[in-house]
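Asks: structure_5.txt is the file, holding compact mmCIF, C-alpha atoms:
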# COMPACT_ATOMS: atom_id res chain seq x y z
CA MET A 143 0.00 0.00 0.00
CA ARG A 144 1.03 3.61 -0.32
CA VAL A 145 1.92 5.92 2.53
CA LYS A 146 2.93 9.54 2.79
CA GLN A 147 6.59 10.30 3.39
CA VAL A 148 7.95 13.65 4.48
CA SER A 149 11.37 14.66 3.10
CA VAL A 150 13.44 17.51 4.48
CA PHE A 151 16.41 19.24 2.91
CA VAL A 152 19.30 19.92 5.26
CA GLU A 153 22.85 21.11 4.94
CA ASN A 154 25.49 18.63 5.91
CA LYS A 155 26.69 20.36 9.06
CA PRO A 156 26.27 19.91 12.83
CA GLY A 157 22.90 20.70 14.30
CA ARG A 158 20.75 20.48 11.22
CA PHE A 159 19.35 17.03 11.84
CA MET A 160 18.67 17.99 15.43
CA ALA A 161 16.81 21.07 14.22
CA VAL A 162 14.51 18.85 12.15
CA LEU A 163 13.65 16.76 15.19
CA GLU A 164 13.17 19.85 17.32
CA ALA A 165 10.62 21.18 14.85
CA LEU A 166 8.57 18.02 15.33
CA GLU A 167 8.89 17.91 19.09
CA LYS A 168 6.29 20.53 19.91
CA ASP A 169 3.34 18.68 18.42
CA LYS A 170 4.61 15.39 19.82
CA ILE A 171 4.80 13.84 16.37
CA ASN A 172 6.26 10.38 16.48
CA ILE A 173 8.62 9.14 13.82
CA HIS A 174 8.09 5.51 12.82
CA GLY A 175 10.61 5.11 10.06
CA LEU A 176 13.50 7.34 9.11
CA SER A 177 16.27 7.42 6.58
CA VAL A 178 19.04 9.93 6.00
CA SER A 179 20.67 10.20 2.62
CA GLU A 180 23.91 12.13 2.52
CA ALA A 181 26.05 13.84 -0.07
CA THR A 182 29.05 16.12 0.37
CA ASP A 183 27.24 19.29 1.33
CA ILE A 184 23.65 18.22 1.73
CA GLY A 185 21.38 15.64 3.29
CA ILE A 186 17.84 14.45 2.73
CA VAL A 187 15.92 13.25 5.77
CA ARG A 188 12.98 11.01 4.88
CA MET A 189 10.40 10.13 7.49
CA ILE A 190 7.29 8.08 8.02
CA LEU A 191 5.39 9.72 10.87
CA THR A 192 2.18 9.49 12.85
CA ASP A 193 0.87 12.72 11.33
CA PRO A 194 2.68 13.55 8.08
CA ASP A 195 0.47 16.54 7.24
CA LYS A 196 1.06 18.21 10.57
CA ALA A 197 4.75 17.38 10.41
CA LEU A 198 5.00 19.01 6.99
CA ALA A 199 3.34 22.16 8.30
CA ASP A 200 5.56 22.30 11.39
CA LEU A 201 8.72 21.86 9.36
CA LYS A 202 7.64 24.49 6.86
CA ARG A 203 6.94 26.88 9.69
CA ALA A 204 10.39 26.20 11.07
CA GLY A 205 11.83 27.34 7.76
CA PHE A 206 12.81 24.01 6.20
CA THR A 207 12.47 23.08 2.55
CA VAL A 208 10.19 20.05 2.63
CA ARG A 209 8.07 17.88 0.39
CA MET A 210 5.53 15.11 0.65
CA ASP A 211 5.80 12.02 -1.52
CA TRP A 212 3.92 8.77 -1.89
CA VAL A 213 6.00 5.70 -1.24
CA VAL A 214 5.15 2.02 -1.10
CA SER A 215 4.88 0.38 2.29
CA ALA A 216 5.25 -3.39 2.42
CA GLU A 217 5.00 -5.73 5.37
CA LEU A 218 7.55 -8.45 5.80
CA PRO A 219 8.30 -11.05 8.42
CA ASP A 220 11.18 -10.16 10.72
CA VAL A 221 13.14 -13.31 9.97
CA PRO A 222 16.26 -14.07 7.92
CA GLY A 223 15.31 -13.90 4.26
CA GLY A 224 12.22 -11.85 4.95
CA LEU A 225 13.38 -8.82 3.01
CA LEU A 226 14.86 -10.94 0.24
CA ARG A 227 11.79 -13.09 -0.36
CA HIS A 228 9.05 -10.53 0.19
CA VAL A 229 10.57 -7.35 -1.19
CA ALA A 230 13.88 -7.54 -3.04
CA ARG A 231 13.31 -10.62 -5.17
CA PRO A 232 9.75 -9.80 -6.25
CA LEU A 233 10.80 -6.32 -7.31
CA SER A 234 13.84 -7.59 -9.14
CA ASP A 235 11.86 -10.29 -10.94
CA ALA A 236 9.41 -7.67 -12.10
CA GLY A 237 12.21 -5.48 -13.37
CA VAL A 238 11.43 -2.66 -10.99
CA ASN A 239 14.36 -0.41 -10.12
CA LEU A 240 14.80 0.64 -6.51
CA LEU A 241 15.52 4.31 -5.82
CA TYR A 242 15.72 4.02 -2.07
CA LEU A 243 14.57 1.68 0.68
CA TYR A 244 14.52 1.60 4.43
CA VAL A 245 13.01 -0.75 6.98
CA TYR A 246 11.55 -0.32 10.45
CA THR A 247 9.48 -2.26 12.93
CA ASP A 248 6.38 -0.54 14.24
CA SER A 249 6.29 -1.20 17.97
CA THR A 250 2.56 -0.51 18.20
CA THR A 251 1.60 -3.15 15.64
CA GLY A 252 4.64 -5.39 15.88
CA LYS A 253 4.91 -5.40 12.11
CA THR A 254 8.11 -4.94 10.17
CA ILE A 255 7.69 -2.51 7.29
CA ALA A 256 9.82 -1.82 4.25
CA ILE A 257 9.44 1.64 2.74
CA VAL A 258 10.25 1.56 -0.91
CA LYS A 259 10.55 4.18 -3.64
CA THR A 260 10.97 2.88 -7.14
CA ASP A 261 10.87 4.12 -10.69
CA ASP A 262 7.39 2.55 -11.04
CA LEU A 263 5.29 2.77 -7.90
CA ASP A 264 2.19 1.17 -9.45
CA LYS A 265 4.10 -1.92 -10.46
CA ALA A 266 5.92 -2.06 -7.14
CA GLU A 267 2.66 -1.89 -5.24
CA LYS A 268 1.10 -4.68 -7.32
CA VAL A 269 4.15 -6.89 -7.00
CA LEU A 270 4.58 -6.42 -3.29
CA VAL A 271 0.91 -7.00 -2.48
CA ARG A 272 1.13 -10.38 -4.15
CA ASN A 273 4.05 -11.28 -1.94
CA MET B 60 46.15 60.49 -21.45
CA ALA B 61 44.76 59.58 -18.04
CA GLU B 62 42.08 61.16 -15.88
CA ILE B 63 40.51 60.28 -12.59
CA ILE B 64 36.78 60.77 -12.21
CA ASP B 65 34.22 60.38 -9.49
CA PRO B 66 32.42 57.20 -10.56
CA GLN B 67 29.08 58.54 -9.33
CA THR B 68 29.10 62.06 -10.79
CA GLY B 69 31.61 61.70 -13.59
CA LYS B 70 33.46 64.83 -12.46
CA ARG B 71 37.22 65.02 -12.93
CA LEU B 72 39.15 64.77 -9.71
CA PRO B 73 42.47 66.42 -8.85
CA TYR B 74 45.75 64.51 -8.78
CA GLY B 75 46.25 62.37 -5.72
CA GLN B 76 42.57 61.77 -5.16
CA PRO B 77 41.34 58.22 -5.68
CA GLY B 78 38.67 57.62 -8.25
CA GLU B 79 37.93 55.80 -11.44
CA LEU B 80 40.66 55.72 -14.09
CA VAL B 81 39.57 57.04 -17.47
CA ILE B 82 41.97 56.72 -20.38
CA THR B 83 42.30 58.20 -23.83
CA THR B 84 44.76 56.73 -26.28
CA LEU B 85 46.86 59.15 -28.29
CA THR B 86 48.95 57.03 -30.60
CA LYS B 87 47.15 53.67 -30.79
CA GLU B 88 45.88 52.72 -34.21
CA ALA B 89 44.21 49.37 -33.65
CA TYR B 90 42.03 50.06 -30.59
CA PRO B 91 41.77 53.79 -29.96
CA VAL B 92 39.58 54.86 -27.07
CA ILE B 93 38.40 58.26 -25.93
CA ARG B 94 37.69 58.71 -22.21
CA PHE B 95 37.26 54.99 -21.74
CA ARG B 96 36.05 54.16 -18.24
CA THR B 97 38.20 51.37 -16.89
CA ARG B 98 36.15 50.95 -13.68
CA ASP B 99 39.44 50.56 -11.78
CA ILE B 100 39.86 52.73 -8.70
CA THR B 101 43.28 54.37 -8.41
CA SER B 102 44.92 57.79 -8.12
CA LEU B 103 47.35 59.71 -10.37
CA ASN B 104 50.68 61.27 -9.46
CA PRO B 105 52.25 63.73 -11.91
CA GLU B 106 55.40 64.29 -9.81
CA PRO B 107 58.66 63.08 -11.36
CA CYS B 108 59.91 59.79 -9.97
CA LYS B 109 63.11 59.58 -7.86
CA CYS B 110 64.68 57.68 -10.76
CA GLY B 111 64.25 60.67 -13.02
CA ARG B 112 61.26 59.59 -15.12
CA THR B 113 58.62 62.26 -15.63
CA SER B 114 55.69 60.23 -16.99
CA MET B 115 52.40 60.11 -15.07
CA ARG B 116 52.30 57.50 -12.33
CA MET B 117 49.33 55.74 -10.82
CA SER B 118 48.89 54.01 -7.49
CA ARG B 119 48.01 50.37 -7.12
CA VAL B 120 44.44 49.61 -8.13
CA THR B 121 42.46 49.40 -4.91
CA GLY B 122 39.13 48.19 -6.22
CA ARG B 123 36.45 48.50 -8.84
CA SER B 124 33.65 50.97 -9.38
CA ASP B 125 31.50 48.11 -10.59
CA ASP B 126 31.11 44.65 -9.14
CA MET B 127 33.35 42.77 -11.51
CA LEU B 128 35.63 40.10 -10.10
CA VAL B 129 38.64 38.47 -11.63
CA VAL B 130 38.70 34.73 -11.05
CA LYS B 131 41.40 32.49 -12.52
CA GLY B 132 42.28 35.32 -14.85
CA VAL B 133 38.74 35.70 -16.15
CA ASN B 134 36.43 38.68 -15.65
CA VAL B 135 33.27 37.60 -13.84
CA TYR B 136 30.19 39.71 -13.14
CA PRO B 137 27.73 38.70 -10.42
CA SER B 138 24.98 39.66 -12.86
CA GLN B 139 26.08 36.79 -15.09
CA ILE B 140 25.67 34.39 -12.22
CA GLU B 141 22.29 35.87 -11.42
CA SER B 142 21.08 35.43 -15.00
CA VAL B 143 22.08 31.76 -14.99
CA LEU B 144 20.27 31.12 -11.73
CA LEU B 145 17.15 32.86 -12.97
CA GLY B 146 17.28 30.67 -16.05
CA VAL B 147 17.12 27.43 -14.06
CA LYS B 148 13.50 26.68 -13.26
CA GLY B 149 12.65 26.98 -9.61
CA ILE B 150 15.91 28.52 -8.47
CA ALA B 151 15.53 31.93 -6.86
CA PRO B 152 18.35 34.42 -7.43
CA HIS B 153 19.47 34.23 -3.84
CA TYR B 154 23.12 33.37 -4.02
CA LEU B 155 26.40 34.01 -2.34
CA ILE B 156 29.73 34.11 -4.11
CA VAL B 157 32.59 32.74 -2.04
CA VAL B 158 36.02 33.51 -3.37
CA GLU B 159 39.45 32.23 -2.47
CA LYS B 160 42.03 35.00 -2.40
CA GLN B 161 45.06 34.75 -4.59
CA HIS B 162 46.55 38.20 -5.07
CA ALA B 163 45.30 41.71 -4.53
CA PHE B 164 42.49 41.54 -7.04
CA SER B 165 42.48 38.11 -8.61
CA TYR B 166 40.88 35.07 -7.06
CA SER B 167 41.86 31.47 -7.53
CA ASP B 168 38.52 29.84 -6.82
CA LEU B 169 34.83 30.55 -7.04
CA GLU B 170 32.10 28.80 -5.13
CA ILE B 171 28.49 29.78 -5.44
CA TRP B 172 26.01 29.06 -2.69
CA VAL B 173 22.44 28.62 -3.93
CA GLU B 174 19.32 28.24 -1.82
CA VAL B 175 17.16 25.16 -2.33
CA THR B 176 13.48 25.96 -2.44
CA GLU B 177 10.51 23.62 -2.62
CA ASP B 178 10.35 24.05 -6.38
CA VAL B 179 13.66 22.29 -6.90
CA PHE B 180 13.82 20.01 -3.88
CA SER B 181 13.51 16.28 -4.59
CA ASP B 182 13.33 13.32 -2.25
CA GLU B 183 15.74 11.56 -4.60
CA MET B 184 19.40 12.37 -4.04
CA GLN B 185 20.23 11.81 -7.69
CA GLN B 186 17.89 14.65 -8.66
CA MET B 187 19.73 16.98 -6.31
CA GLU B 188 23.03 15.87 -7.79
CA THR B 189 21.69 16.51 -11.26
CA LEU B 190 20.60 19.97 -10.19
CA GLU B 191 24.06 20.75 -8.92
CA LYS B 192 25.65 19.41 -12.10
CA THR B 193 23.30 21.41 -14.28
CA LEU B 194 24.03 24.62 -12.45
CA ARG B 195 27.76 24.02 -12.62
CA ALA B 196 27.61 23.31 -16.35
CA GLU B 197 25.48 26.36 -17.10
CA LEU B 198 27.75 28.62 -15.10
CA GLU B 199 30.88 27.24 -16.68
CA SER B 200 29.38 27.81 -20.09
CA VAL B 201 28.46 31.42 -19.30
CA LEU B 202 31.42 32.46 -17.16
CA GLY B 203 34.14 30.56 -18.94
CA ILE B 204 35.59 29.10 -15.78
CA ALA B 205 34.74 26.08 -13.66
CA THR B 206 32.97 26.86 -10.42
CA ARG B 207 31.63 24.87 -7.50
CA ILE B 208 28.04 24.90 -6.38
CA LYS B 209 26.96 24.48 -2.79
CA LEU B 210 23.28 23.92 -2.18
CA VAL B 211 22.15 25.56 1.05
CA GLU B 212 18.99 25.75 3.10
CA PRO B 213 16.49 28.54 2.34
CA ARG B 214 16.75 31.89 4.02
CA THR B 215 20.32 31.25 5.13
CA LEU B 216 21.72 33.73 2.65
CA ALA B 217 21.43 37.35 3.65
CA ARG B 218 18.93 39.49 1.87
CA SER B 219 19.23 43.20 2.24
CA GLU B 220 17.35 46.19 1.01
CA GLY B 221 19.07 47.36 -2.12
CA LYS B 222 22.54 45.96 -2.78
CA ALA B 223 23.06 42.63 -1.09
CA LYS B 224 26.57 41.66 -0.08
CA ARG B 225 26.96 39.03 -2.74
CA VAL B 226 30.67 38.33 -2.54
CA VAL B 227 32.62 37.13 0.48
CA GLU B 228 36.09 35.77 0.87
CA ARG B 229 36.28 32.31 2.35
CA SER B 230 38.30 33.62 5.26
CA GLU B 231 35.36 35.83 6.21
CA LEU B 232 32.90 32.98 6.59
CA ALA B 233 31.73 32.31 10.13
CA THR B 234 31.92 28.53 9.96
CA PRO B 235 35.46 27.28 9.46
CA GLY B 236 36.01 25.01 6.50
CA LYS B 237 32.64 25.48 4.84
As structure tokens, please, write out the structure in this file.
Replies:
Amino acid sequence: MRVKQVSVFVENKPGRFMAVLEALEKDKINIHGLSVSEATDIGIVRMILTDPDKALADLKRAGFTVRMDWVVSAELPDVPGGLLRHVARPLSDAGVNLLYLYVYTDSTTGKTIAIVKTDDLDKAEKVLVRN
Amino acid sequence: MAEIIDPQTGKRLPYGQPGELVITTLTKEAYPVIRFRTRDITSLNPEPCKCGRTSMRMSRVTGRSDDMLVVKGVNVYPSQIESVLLGVKGIAPHYLIVVEKQHAFSYSDLEIWVEVTEDVFSDEMQQMETLEKTLRAELESVLGIATRIKLVEPRTLARSEGKAKRVVERSELATPGK
């Protein structure tokens, strides 16, 4: 299924990541899944949160450059081979190219989730539902 | 023939006073100029030199009356940089030029800080890399020298009413290293 992901642009220097988290603290927004992608001067912080719309507004208000994107969320069993059998292999077999991926376990539901962005989200969604 | 003028009013200034150098060629055939404004700030000294020479002397050039920079031997105008940034969709012309000092007036390196707004921000790192590459290529094509681009967060670059301070030397930057 698809979920909303909030992405934030930060400079690659001390304190910027902290500032992102501080912006979310006030409204007690909980982060479920998070991934940080880094390059020489910049970073992209991607988050799956309890309230993505509110998070986006809070971050904007704090002066960050942000965006909302749809990504595919797939459940997998938290066992060896889980990611391989339920996510990586099905996508590869279908010829879908991964752009980025990160995994987290939701403590409230106990489920392990893979967040996936690909070059073809429709196909990815279809393929992962089957698996 | 050399004159010094006030760059604002155009009035001739007396010897010894700094101002913009204006030159008129007297014997040149290929590229004659009449009261050509060089935009260099200097002062003239008609006194004979200790060595005996009596030709007009000028002091070291202390600056420009326009905002031209010399980087790696090439003349660069901030307005060129601005026009490139305005040409890239989504990029606002909020930039900072960071130069590395070489000698008195020539710089050895040019780095341009550009703010990332929502219009150009992508969740995919490769899109951000492409943006940086595109900007670098466009600037190199327009300026004639290679530059570096540093993408920065919005509203981190100073805006001011009127003329913004667009050029800083790396040594002036608050954060060491970057």
Asks: Counting only C-alpha atoms, note down every residue that has an atom within 10 Å of the point (7.9, -7.7, 4.0) (file coordinates), as an NGL selection string.
Replies: :A and (215-221 or 223-230 or 245 or 253-257 or 270-271 or 273)
Asks: Go ahead and save the picked residues with C-alpha atoms, as a PDB file, in the frame of the given file.
Replies:
ATOM      1  CA  SER A 215       4.880   0.380   2.290  1.00  0.00           C
ATOM      2  CA  ALA A 216       5.250  -3.390   2.420  1.00  0.00           C
ATOM      3  CA  GLU A 217       5.000  -5.730   5.370  1.00  0.00           C
ATOM      4  CA  LEU A 218       7.550  -8.450   5.800  1.00  0.00           C
ATOM      5  CA  PRO A 219       8.300 -11.050   8.420  1.00  0.00           C
ATOM      6  CA  ASP A 220      11.180 -10.160  10.720  1.00  0.00           C
ATOM      7  CA  VAL A 221      13.140 -13.310   9.970  1.00  0.00           C
ATOM      8  CA  GLY A 223      15.310 -13.900   4.260  1.00  0.00           C
ATOM      9  CA  GLY A 224      12.220 -11.850   4.950  1.00  0.00           C
ATOM     10  CA  LEU A 225      13.380  -8.820   3.010  1.00  0.00           C
ATOM     11  CA  LEU A 226      14.860 -10.940   0.240  1.00  0.00           C
ATOM     12  CA  ARG A 227      11.790 -13.090  -0.360  1.00  0.00           C
ATOM     13  CA  HIS A 228       9.050 -10.530   0.190  1.00  0.00           C
ATOM     14  CA  VAL A 229      10.570  -7.350  -1.190  1.00  0.00           C
ATOM     15  CA  ALA A 230      13.880  -7.540  -3.040  1.00  0.00           C
ATOM     16  CA  VAL A 245      13.010  -0.750   6.980  1.00  0.00           C
ATOM     17  CA  LYS A 253       4.910  -5.400  12.110  1.00  0.00           C
ATOM     18  CA  THR A 254       8.110  -4.940  10.170  1.00  0.00           C
ATOM     19  CA  ILE A 255       7.690  -2.510   7.290  1.00  0.00           C
ATOM     20  CA  ALA A 256       9.820  -1.820   4.250  1.00  0.00           C
ATOM     21  CA  ILE A 257       9.440   1.640   2.740  1.00  0.00           C
ATOM     22  CA  LEU A 270       4.580  -6.420  -3.290  1.00  0.00           C
ATOM     23  CA  VAL A 271       0.910  -7.000  -2.480  1.00  0.00           C
ATOM     24  CA  ASN A 273       4.050 -11.280  -1.940  1.00  0.00           C
TER      25      ASN A 273
END
Asks: Output the contact residues of chain B with respect to chain A at a cut-off of 6 Å, based on only C-alpha atoms, as an NGL selection string.
Replies: :B and (176-177 or 182 or 211)
Asks: Take CA of Thr251 (chain A) and CA of Lys196 (chain A) and report the distance between them in Å, one decimal.
Replies: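 For CA of Thr251 (chain A) relative to CA of Lys196 (chain A), the distance reads 22.0 Å.
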Asks: Have a look at CA of Val238 (chain A) and CA of Thr260 (chain A) and let me know their distance in Å, one decimal.
Replies: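 Value for the CA of Val238 (chain A)-CA of Thr260 (chain A) distance: 6.8 Å.
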Asks: If we count all atoms listed in the file and set the cut-off at 9 Å, which residues sit around Ala165 (chain A), ignoring sequence neighbours fewer than 6 positions away in its own chain? Please answer as a PyMOL selection string.
Replies: chain A and resi 197+200-201+203-204
Asks: One decimal, Å: what's the distance from CA of Met60 (chain B) over to CA of Arg119 (chain B), could you say?
Replies: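 Interatomic distance here is 17.6 Å.
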